[in-house]
>>> print(open('query_36.tsv').read())   # TSV, C-alpha atoms
chain	number	residue	atom	x	y	z
A	1	MET	CA	68.32	57.16	74.98
A	2	HIS	CA	71.43	57.98	72.97
A	3	LYS	CA	73.71	56.34	75.50
A	4	LYS	CA	71.93	53.04	75.02
A	5	GLU	CA	70.77	52.98	71.45
A	6	ARG	CA	72.62	54.69	68.63
A	7	ILE	CA	70.18	54.22	65.76
A	8	PHE	CA	72.25	56.24	63.28
A	9	ASP	CA	74.83	53.45	62.99
A	10	ASN	CA	72.44	51.29	60.95
A	11	THR	CA	73.78	51.59	57.39
A	12	GLU	CA	71.42	48.98	55.95
A	13	ILE	CA	68.46	51.29	56.65
A	14	ALA	CA	70.49	54.43	55.80
A	15	PHE	CA	71.37	53.30	52.26
A	16	SER	CA	68.41	51.05	51.50
A	17	LEU	CA	67.44	53.21	48.50
A	18	LYS	CA	70.91	53.13	46.91
A	19	ASN	CA	71.84	50.31	44.60
A	20	ASP	CA	75.49	49.23	44.42
A	21	SER	CA	76.42	51.60	41.58
A	22	GLU	CA	74.76	54.61	43.32
A	23	LEU	CA	76.66	53.70	46.48
A	24	GLU	CA	79.91	53.62	44.46
A	25	ARG	CA	79.11	57.02	42.94
A	26	ALA	CA	78.45	58.50	46.39
A	27	TYR	CA	81.74	57.08	47.63
A	28	PHE	CA	83.62	58.56	44.65
A	29	LEU	CA	81.96	61.99	45.10
A	30	PHE	CA	82.68	62.32	48.80
A	31	LYS	CA	86.22	61.08	48.21
A	32	MET	CA	86.70	63.94	45.71
A	33	ILE	CA	85.05	66.49	48.00
A	34	SER	CA	87.36	65.44	50.86
A	35	ILE	CA	90.37	66.75	48.93
A	36	GLU	CA	90.28	70.52	49.46
A	37	PRO	CA	92.58	71.64	46.58
A	38	LEU	CA	90.52	69.47	44.23
A	39	VAL	CA	87.31	71.26	45.29
A	40	ARG	CA	88.96	74.65	44.63
A	41	ILE	CA	90.27	73.60	41.22
A	42	GLY	CA	86.99	71.88	40.34
A	43	THR	CA	85.00	74.96	41.33
A	44	ALA	CA	87.15	77.28	39.22
A	45	ALA	CA	87.11	74.89	36.24
A	46	THR	CA	83.32	74.43	36.46
A	47	ASN	CA	82.69	78.19	36.66
A	48	PHE	CA	84.95	78.74	33.67
A	49	ALA	CA	83.32	75.95	31.64
A	50	ILE	CA	79.82	77.28	32.32
A	51	LYS	CA	80.78	80.87	31.42
A	52	ALA	CA	82.50	79.65	28.26
A	53	ASN	CA	79.44	77.55	27.36
A	54	LEU	CA	81.47	74.35	27.22
A	55	PRO	CA	79.33	71.20	26.96
A	56	ILE	CA	79.79	69.94	30.52
A	57	GLU	CA	76.17	69.81	31.67
A	58	GLY	CA	75.96	66.08	30.97
A	59	LEU	CA	78.99	65.38	33.16
A	60	ILE	CA	77.70	67.58	36.00
A	61	ARG	CA	74.24	66.03	35.67
A	62	SER	CA	75.47	62.45	35.95
A	63	THR	CA	77.73	63.10	38.97
A	64	VAL	CA	77.34	65.91	41.48
A	65	PHE	CA	73.91	67.14	40.25
A	66	ASP	CA	72.16	63.77	40.43
A	67	HIS	CA	73.61	63.11	43.88
A	68	PHE	CA	72.58	66.42	45.48
A	69	CYS	CA	69.54	67.44	43.35
A	70	GLY	CA	66.21	65.85	42.51
A	71	GLY	CA	66.04	67.04	38.89
A	72	VAL	CA	65.67	70.06	36.63
A	73	SER	CA	61.92	70.52	37.25
A	74	GLU	CA	59.25	69.60	39.80
A	75	ASN	CA	58.03	66.69	37.69
A	76	ASP	CA	61.58	65.49	37.30
A	77	CYS	CA	61.75	65.11	41.10
A	78	LEU	CA	58.65	62.89	41.40
A	79	PRO	CA	60.44	59.49	41.24
A	80	VAL	CA	62.84	60.62	44.00
A	81	ILE	CA	59.94	61.94	46.13
A	82	GLU	CA	58.02	58.69	45.73
A	83	LYS	CA	61.01	56.45	46.45
A	84	MET	CA	61.86	58.30	49.65
A	85	PHE	CA	58.26	58.42	50.86
A	86	ASN	CA	58.11	54.63	50.61
A	87	LYS	CA	60.69	54.72	53.41
A	88	GLY	CA	58.76	57.34	55.38
A	89	VAL	CA	60.87	60.35	54.36
A	90	SER	CA	58.97	63.42	53.08
A	91	SER	CA	60.33	65.98	50.61
A	92	VAL	CA	60.74	69.76	50.60
A	93	LEU	CA	61.23	70.88	47.00
A	94	ASP	CA	63.79	73.67	47.01
A	95	TYR	CA	64.00	75.82	43.86
A	96	SER	CA	67.73	76.45	44.19
A	97	VAL	CA	68.27	79.20	41.65
A	98	GLU	CA	70.31	81.98	43.29
A	99	GLY	CA	71.61	85.48	42.72
A	100	LYS	CA	68.95	86.82	40.35
A	101	GLU	CA	68.38	90.58	40.31
A	102	ASP	CA	65.49	91.58	38.09
A	103	GLU	CA	61.74	91.80	38.56
A	104	MET	CA	60.93	89.25	35.87
A	105	GLU	CA	63.09	86.65	37.59
A	106	PHE	CA	61.36	87.38	40.92
A	107	GLU	CA	57.90	86.99	39.38
A	108	GLY	CA	59.08	83.74	37.79
A	109	ALA	CA	60.23	82.46	41.19
A	110	VAL	CA	56.80	83.23	42.70
A	111	LYS	CA	55.11	81.23	39.94
A	112	THR	CA	57.45	78.29	40.60
A	113	ILE	CA	56.80	78.33	44.38
A	114	LEU	CA	53.03	78.61	43.82
A	115	LYS	CA	53.25	75.63	41.50
A	116	ILE	CA	55.11	73.67	44.20
A	117	ILE	CA	52.47	74.57	46.83
A	118	ASP	CA	49.69	73.44	44.49
A	119	PHE	CA	51.68	70.32	43.71
A	120	ALA	CA	52.14	69.67	47.46
A	121	LYS	CA	48.43	69.97	48.18
A	122	ASP	CA	47.80	66.68	46.34
A	123	ILE	CA	50.98	64.85	47.32
A	124	GLU	CA	51.14	63.56	50.89
A	125	ALA	CA	54.92	63.23	50.60
A	126	MET	CA	55.30	67.04	50.28
A	127	PRO	CA	53.83	68.72	53.39
A	128	ILE	CA	56.24	71.66	53.27
A	129	ALA	CA	57.36	74.31	50.75
A	130	VAL	CA	60.35	76.67	50.96
A	131	PHE	CA	61.74	79.87	49.45
A	132	LYS	CA	64.62	82.31	49.88
A	133	PRO	CA	63.88	86.00	50.56
A	134	THR	CA	66.34	87.06	47.83
A	135	GLY	CA	64.39	84.86	45.41
A	136	PHE	CA	61.68	87.55	45.63
A	137	GLY	CA	63.70	90.77	45.84
A	138	ARG	CA	67.12	92.37	45.51
A	139	LEU	CA	69.70	91.85	48.24
A	140	GLY	CA	70.55	95.59	48.18
A	141	LEU	CA	66.93	96.47	48.89
A	142	TYR	CA	66.76	94.21	51.97
A	143	LYS	CA	70.02	95.76	53.19
A	144	LYS	CA	68.71	99.30	52.82
A	145	ILE	CA	65.45	98.53	54.62
A	146	GLY	CA	67.30	96.67	57.38
A	147	ARG	CA	69.37	99.81	57.99
A	148	LYS	CA	66.15	101.87	58.16
A	149	GLU	CA	67.29	104.13	55.31
A	150	ASN	CA	64.85	106.21	53.31
A	151	LEU	CA	63.75	104.61	50.05
A	152	THR	CA	63.29	106.39	46.75
A	153	LYS	CA	59.80	106.23	45.21
A	154	LEU	CA	61.06	103.53	42.84
A	155	GLU	CA	62.56	101.48	45.68
A	156	GLN	CA	59.36	101.77	47.72
A	157	ASP	CA	57.39	100.38	44.75
A	158	GLU	CA	59.96	97.62	44.47
A	159	TRP	CA	59.61	96.76	48.18
A	160	ASN	CA	55.81	96.78	47.95
A	161	ASN	CA	56.24	94.12	45.27
A	162	VAL	CA	58.44	92.02	47.56
A	163	VAL	CA	55.78	92.23	50.32
A	164	ARG	CA	53.10	91.29	47.78
A	165	ARG	CA	55.11	88.24	46.67
A	166	PHE	CA	55.54	87.02	50.26
A	167	ASP	CA	51.84	87.56	50.86
A	168	ILE	CA	50.73	85.64	47.75
A	169	ILE	CA	52.85	82.63	48.76
A	170	CYS	CA	51.78	82.61	52.43
A	171	GLU	CA	48.11	83.00	51.51
A	172	ARG	CA	48.29	80.06	49.08
A	173	ALA	CA	50.16	77.98	51.67
A	174	LYS	CA	47.39	78.59	54.20
A	175	GLU	CA	44.66	77.78	51.66
A	176	ASN	CA	46.39	74.48	50.81
A	177	ASP	CA	47.41	73.69	54.40
A	178	VAL	CA	51.06	73.44	53.35
A	179	ALA	CA	53.71	74.80	55.73
A	180	VAL	CA	56.14	77.28	54.13
A	181	LEU	CA	59.72	77.65	55.38
A	182	ILE	CA	61.42	80.96	54.63
A	183	ASP	CA	65.19	80.59	54.57
A	184	ALA	CA	67.63	82.86	56.38
A	185	GLU	CA	70.49	84.53	54.52
A	186	GLU	CA	73.31	86.95	55.38
A	187	SER	CA	72.95	88.96	58.60
A	188	TRP	CA	73.12	92.28	56.73
A	189	MET	CA	69.86	91.57	54.92
A	190	GLN	CA	68.16	89.51	57.63
A	191	ASN	CA	66.53	92.31	59.68
A	192	ALA	CA	64.28	93.29	56.79
A	193	ALA	CA	63.43	89.65	56.05
A	194	ASP	CA	62.69	88.94	59.73
A	195	GLU	CA	60.26	91.85	60.00
A	196	LEU	CA	58.47	90.72	56.88
A	197	VAL	CA	58.22	87.08	58.02
A	198	THR	CA	56.93	88.14	61.45
A	199	MET	CA	54.25	90.17	59.69
A	200	MET	CA	53.26	87.06	57.67
A	201	MET	CA	53.20	84.88	60.80
A	202	GLU	CA	50.87	87.32	62.55
A	203	LYS	CA	48.57	87.33	59.53
A	204	TYR	CA	48.54	83.62	58.62
A	205	ASN	CA	49.48	81.63	61.77
A	206	THR	CA	46.16	82.24	63.48
A	207	GLU	CA	45.19	78.60	64.07
A	208	LYS	CA	48.60	76.92	63.79
A	209	PRO	CA	52.03	77.67	62.29
A	210	ILE	CA	51.89	77.80	58.48
A	211	VAL	CA	54.70	80.34	58.00
A	212	PHE	CA	58.12	79.39	59.45
A	213	ASN	CA	61.12	81.68	59.78
A	214	THR	CA	64.70	80.35	59.93
A	215	LEU	CA	67.15	80.95	62.77
A	216	GLN	CA	70.86	80.51	62.06
A	217	MET	CA	72.09	79.52	65.50
A	218	TYR	CA	75.74	80.30	64.74
A	219	ARG	CA	74.57	83.87	65.37
A	220	HIS	CA	74.90	84.64	69.07
A	221	ASP	CA	71.79	86.88	69.07
A	222	ARG	CA	69.28	84.35	67.76
A	223	LEU	CA	68.19	82.75	71.03
A	224	GLU	CA	67.27	86.17	72.37
A	225	PHE	CA	65.45	86.91	69.10
A	226	LEU	CA	63.47	83.64	69.44
A	227	LYS	CA	62.39	84.52	72.99
A	228	ASN	CA	61.29	88.02	71.95
A	229	GLU	CA	59.31	86.66	68.99
A	230	HIS	CA	57.66	84.12	71.29
A	231	ASN	CA	56.59	86.87	73.72
A	232	ARG	CA	55.23	88.93	70.85
A	233	ALA	CA	53.22	85.96	69.55
A	234	ILE	CA	51.74	85.33	73.02
A	235	ALA	CA	50.79	89.00	73.38
A	236	LYS	CA	49.17	89.15	69.93
A	237	GLY	CA	47.65	85.66	69.97
A	238	TYR	CA	49.23	83.87	67.00
A	239	PHE	CA	51.49	80.84	66.53
A	240	ILE	CA	55.09	80.76	65.35
A	241	GLY	CA	57.18	78.21	63.49
A	242	TYR	CA	60.97	78.10	63.29
A	243	LYS	CA	63.47	76.17	61.31
A	244	LEU	CA	66.64	75.94	63.40
A	245	VAL	CA	69.92	75.51	61.55
A	246	ARG	CA	73.52	76.14	62.49
A	247	GLY	CA	74.14	78.40	59.45
A	248	ALA	CA	75.72	78.54	56.01
A	249	TYR	CA	77.62	81.83	55.60
A	250	MET	CA	80.19	81.73	58.41
A	251	GLU	CA	83.34	82.65	56.48
A	252	LYS	CA	81.52	85.40	54.59
A	253	GLU	CA	80.10	86.83	57.86
A	254	ASN	CA	83.43	86.85	59.72
A	255	GLU	CA	85.29	88.30	56.73
A	256	ARG	CA	82.83	91.17	56.28
A	257	ALA	CA	82.87	92.00	60.01
A	258	LYS	CA	86.68	92.15	59.91
A	259	VAL	CA	86.81	94.34	56.79
A	260	LYS	CA	84.11	96.75	58.00
A	261	GLY	CA	85.33	96.77	61.60
A	262	TYR	CA	82.26	95.62	63.51
A	263	LYS	CA	81.79	92.73	65.96
A	264	SER	CA	81.04	89.50	64.10
A	265	PRO	CA	77.51	88.19	64.69
A	266	ILE	CA	78.91	84.63	64.68
A	267	CYS	CA	79.51	82.63	67.89
A	268	LYS	CA	83.16	82.55	68.89
A	269	ASN	CA	83.60	78.82	68.24
A	270	LYS	CA	81.92	75.57	67.23
A	271	LEU	CA	81.08	74.63	70.82
A	272	ALA	CA	79.27	77.93	71.41
A	273	THR	CA	77.28	77.36	68.19
A	274	ASP	CA	76.38	73.81	69.25
A	275	ASN	CA	75.26	75.03	72.67
A	276	ASN	CA	73.20	77.81	71.10
A	277	PHE	CA	71.52	75.39	68.69
A	278	ASN	CA	70.76	72.89	71.47
A	279	GLU	CA	69.41	75.65	73.75
A	280	GLY	CA	67.13	76.67	70.88
A	281	LEU	CA	65.79	73.09	70.68
A	282	ARG	CA	65.18	73.05	74.44
A	283	TYR	CA	63.35	76.38	74.35
A	284	VAL	CA	61.07	75.37	71.48
A	285	ILE	CA	60.15	71.98	72.96
A	286	LYS	CA	59.43	73.62	76.33
A	287	ASN	CA	57.03	75.99	74.50
A	288	ILE	CA	55.71	73.53	71.92
A	289	ASP	CA	52.11	74.64	72.53
A	290	ARG	CA	52.91	77.90	70.71
A	291	ILE	CA	56.05	77.17	68.62
A	292	SER	CA	56.49	74.46	65.98
A	293	LEU	CA	59.94	73.22	65.00
A	294	PHE	CA	61.78	72.16	61.88
A	295	ALA	CA	65.23	71.05	63.08
A	296	GLY	CA	67.53	71.32	60.08
A	297	THR	CA	70.61	69.48	61.27
A	298	HIS	CA	73.23	66.99	60.12
A	299	ASN	CA	74.55	66.74	63.66
A	300	GLU	CA	73.95	63.36	65.31
A	301	GLU	CA	74.21	64.60	68.91
A	302	SER	CA	71.66	67.40	68.34
A	303	SER	CA	69.32	64.87	66.70
A	304	TYR	CA	69.67	62.48	69.66
A	305	LEU	CA	69.08	65.41	72.03
A	306	LEU	CA	65.86	66.36	70.24
A	307	MET	CA	64.67	62.73	70.41
A	308	ASP	CA	65.34	62.78	74.18
A	309	LEU	CA	63.60	66.13	74.65
A	310	MET	CA	60.52	64.85	72.84
A	311	LYS	CA	60.44	61.70	74.94
A	312	ASN	CA	60.98	63.53	78.24
A	313	ASN	CA	58.20	66.01	77.40
A	314	GLY	CA	55.73	63.24	76.56
A	315	LEU	CA	55.65	63.95	72.80
A	316	LYS	CA	55.01	61.10	70.39
A	317	ASN	CA	57.71	60.42	67.76
A	318	ASN	CA	55.34	61.63	65.04
A	319	ASP	CA	54.05	64.77	66.83
A	320	SER	CA	53.05	67.04	63.95
A	321	ARG	CA	54.74	70.06	65.57
A	322	VAL	CA	58.25	68.59	65.29
A	323	TRP	CA	60.15	67.85	62.08
A	324	PHE	CA	63.73	66.75	61.45
A	325	GLY	CA	65.31	67.87	58.16
A	326	GLN	CA	68.46	67.09	56.18
A	327	LEU	CA	69.69	67.90	52.68
A	328	TYR	CA	69.20	65.42	49.88
A	329	GLY	CA	72.42	63.53	49.21
A	330	MET	CA	73.73	63.97	52.77
A	331	SER	CA	73.25	62.34	56.19
A	332	ASP	CA	71.01	59.51	54.99
A	333	HIS	CA	71.99	57.63	58.15
A	334	ILE	CA	70.12	60.27	60.16
A	335	SER	CA	67.11	60.75	57.86
A	336	PHE	CA	66.21	57.16	57.10
A	337	ASN	CA	66.87	55.79	60.59
A	338	LEU	CA	64.71	58.54	62.14
A	339	ALA	CA	61.91	57.80	59.65
A	340	ASN	CA	62.24	54.11	60.41
A	341	ASP	CA	61.53	54.96	64.07
A	342	GLY	CA	58.42	56.93	63.14
A	343	TYR	CA	59.70	60.52	63.42
A	344	ASN	CA	58.64	63.24	60.94
A	345	VAL	CA	61.57	63.63	58.55
A	346	ALA	CA	61.93	65.68	55.38
A	347	LYS	CA	64.76	65.97	52.90
A	348	TYR	CA	65.42	69.31	51.18
A	349	ILE	CA	65.48	68.45	47.47
A	350	PRO	CA	67.12	71.17	45.36
A	351	PHE	CA	66.02	71.39	41.73
A	352	GLY	CA	66.36	73.71	38.76
A	353	PRO	CA	68.27	74.04	35.48
A	354	VAL	CA	71.78	72.57	35.88
A	355	LYS	CA	73.55	75.87	35.15
A	356	ASP	CA	71.37	77.87	37.55
A	357	VAL	CA	71.81	75.38	40.39
A	358	MET	CA	75.62	75.37	40.14
A	359	PRO	CA	76.19	78.12	42.79
A	360	TYR	CA	74.19	75.97	45.22
A	361	LEU	CA	76.16	72.82	44.35
A	362	ILE	CA	79.49	74.62	44.69
A	363	ARG	CA	78.46	75.87	48.14
A	364	ARG	CA	77.53	72.29	49.12
A	365	ALA	CA	80.94	70.99	48.03
A	366	GLU	CA	82.76	73.80	49.85
A	367	GLU	CA	80.65	73.30	52.97
A	368	ASN	CA	81.41	69.57	53.02
A	369	THR	CA	85.09	70.38	52.71
A	370	SER	CA	85.09	73.01	55.46
A	371	VAL	CA	82.82	71.36	58.04
A	372	ALA	CA	85.15	69.24	60.13
A	373	GLY	CA	84.29	65.56	59.95
A	374	GLN	CA	81.30	65.92	57.60
A	375	THR	CA	82.85	64.21	54.58
A	376	GLY	CA	84.84	61.71	56.63
A	377	ARG	CA	81.66	60.56	58.33
A	378	GLU	CA	79.83	60.11	55.02
A	379	LEU	CA	82.78	58.11	53.67
A	380	SER	CA	83.09	55.83	56.69
A	381	LEU	CA	79.35	55.04	56.62
A	382	ILE	CA	79.44	54.26	52.89
A	383	LYS	CA	82.51	52.07	53.46
A	384	LYS	CA	80.72	50.23	56.25
A	385	GLU	CA	77.70	49.60	54.01
A	386	LYS	CA	79.89	48.43	51.10
A	387	LYS	CA	81.55	45.98	53.45
A	388	ARG	CA	78.18	44.76	54.77
A	389	ARG	CA	76.91	44.12	51.24
A	390	LYS	CA	80.05	42.21	50.31
A	391	LEU	CA	79.48	39.98	53.32
A	392	LEU	CA	75.91	39.33	52.18
A	393	ASN	CA	76.71	38.53	48.55
>>> encode(input="query_36.tsv", output="structure tokens")
Amino acid sequence: MHKKERIFDNTEIAFSLKNDSELERAYFLFKMISIEPLVRIGTAATNFAIKANLPIEGLIRSTVFDHFCGGVSENDCLPVIEKMFNKGVSSVLDYSVEGKEDEMEFEGAVKTILKIIDFAKDIEAMPIAVFKPTGFGRLGLYKKIGRKENLTKLEQDEWNNVVRRFDIICERAKENDVAVLIDAEESWMQNAADELVTMMMEKYNTEKPIVFNTLQMYRHDRLEFLKNEHNRAIAKGYFIGYKLVRGAYMEKENERAKVKGYKSPICKNKLATDNNFNEGLRYVIKNIDRISLFAGTHNEESSYLLMDLMKNNGLKNNDSRVWFGQLYGMSDHISFNLANDGYNVAKYIPFGPVKDVMPYLIRRAEENTSVAGQTGRELSLIKKEKKRRKLLN
């Protein structure tokens, strides 16, 4: 298919929700992000301004925040959710507050996710919820459990609370028939998270996948992990769901491996990562009777491949077991063109107080700068659409 028909080139469909001034703002933002020293300076200045309580929230809100986030609260996101659903694109509300460390914050995060799941029950445009493992427990605790170290009585109580929080969310998701995606994080905390998610899958994915784990395919061990989990699910008689992504912590992972002197878990190059990701897609589609897929990718070739795999395996475009996902504010040419062709597509919509969401936004800017071609592609598509609109006016 992708040799003949490259649907992602259609900018009219891609940017149909952006008026001229929003298109100009997107162009300006990606232009800024494409200049690496500017991103570094901007990041440092923003961090300083927030720590010093300078009044910059309005500026952040009207530029980078409004482009990459849906709002400061769930209700704030409703207009965005509605607008996108009119074009066939669903929403995954992502409470993007990071790096919290105390129990009150964790309990607060659970309440927010429960609220989103209840919200989603009544809104067709929100079939999926999401949370981060470290939203519900300390990073250090996951690390310790992953290394199979003995816990103190206090730490064991703490971990029991983490398990309880996961359980509350997964139970509510099953009651409401809302899928819940559990994000992957750094490799040194992931073992503990994986074990916990597998436990939740076994408990709640009895009729179909409700609980989804995330596989970062830039890790060379993840395909093997997927196959082992699949065999376990067959043996124990439950379903599994996986979100496949390339990964978001590459520099951090390689740096830590170098400093601590162990072999990096990251594939040796971009090609190996791409191959790993695509092999993951092939494996899931081949075993679609047991595994459901959320393909989180901004890569056109992987998206075309998945479309081909679905077609060649006799799956309809809107097969409920296959979802495509992109981040809000990025790769609209993939999301909206896929939706236009009847595929299941969801945008991750980050939300939360401006200050608390800043670490997420900074990571987005840095990622766009470091991923080769990402920003250039966004810019050339926006340029193409600007030109098309000029010709029409």
>>> atom_distance(input="query_36.tsv", atom1="CA of Ala44 (chain A)", atom2="CA of Ser331 (chain A)")
26.5 Å
>>> residues_near_point(input="query_36.tsv", point="(63.8, 64.1, 40.1)", cutoff="12 Å", atoms="all atoms listed in the file", output="count of residues only")
30
>>> atom_distance(input="query_36.tsv", atom1="CA of Met189 (chain A)", atom2="CA of Lys144 (chain A)")
8.1 Å
>>> atom_distance(input="query_36.tsv", atom1="CA of Arg165 (chain A)", atom2="CA of Phe136 (chain A)")
6.7 Å
>>> residues_around(input="query_36.tsv", residues="region 305-309 of chain A", least_positions_apart="3", cutoff="12 Å", atoms="only C-alpha atoms", output="NGL selection string")
:A and (1-7 or 244 or 274-275 or 277-288 or 293-297 or 299-302 or 312-319 or 322-324 or 334 or 338 or 341-344)
>>> residues_around(input="query_36.tsv", residues="Gln190 (chain A)", least_positions_apart="3", cutoff="9 Å", atoms="only C-alpha atoms", output="ChimeraX atom specification")
/A:133,142-143,146,184-187,193-195
>>> residues_around(input="query_36.tsv", residues="Cys170 (chain A)", least_positions_apart="6", cutoff="8 Å", atoms="all atoms listed in the file", output="PyMOL selection string")
chain A and resi 180+200+204+210-211
>>> write_last_selection(input="query_36.tsv", atoms="C-alpha atoms", output="mmCIF file, keeping the file's coordinate frame")
data_model
loop_
_atom_site.group_PDB
_atom_site.id
_atom_site.type_symbol
_atom_site.label_atom_id
_atom_site.label_comp_id
_atom_site.auth_asym_id
_atom_site.auth_seq_id
_atom_site.Cartn_x
_atom_site.Cartn_y
_atom_site.Cartn_z
ATOM 1 C CA VAL A 180 56.140 77.280 54.130
ATOM 2 C CA MET A 200 53.260 87.060 57.670
ATOM 3 C CA TYR A 204 48.540 83.620 58.620
ATOM 4 C CA ILE A 210 51.890 77.800 58.480
ATOM 5 C CA VAL A 211 54.700 80.340 58.000
#
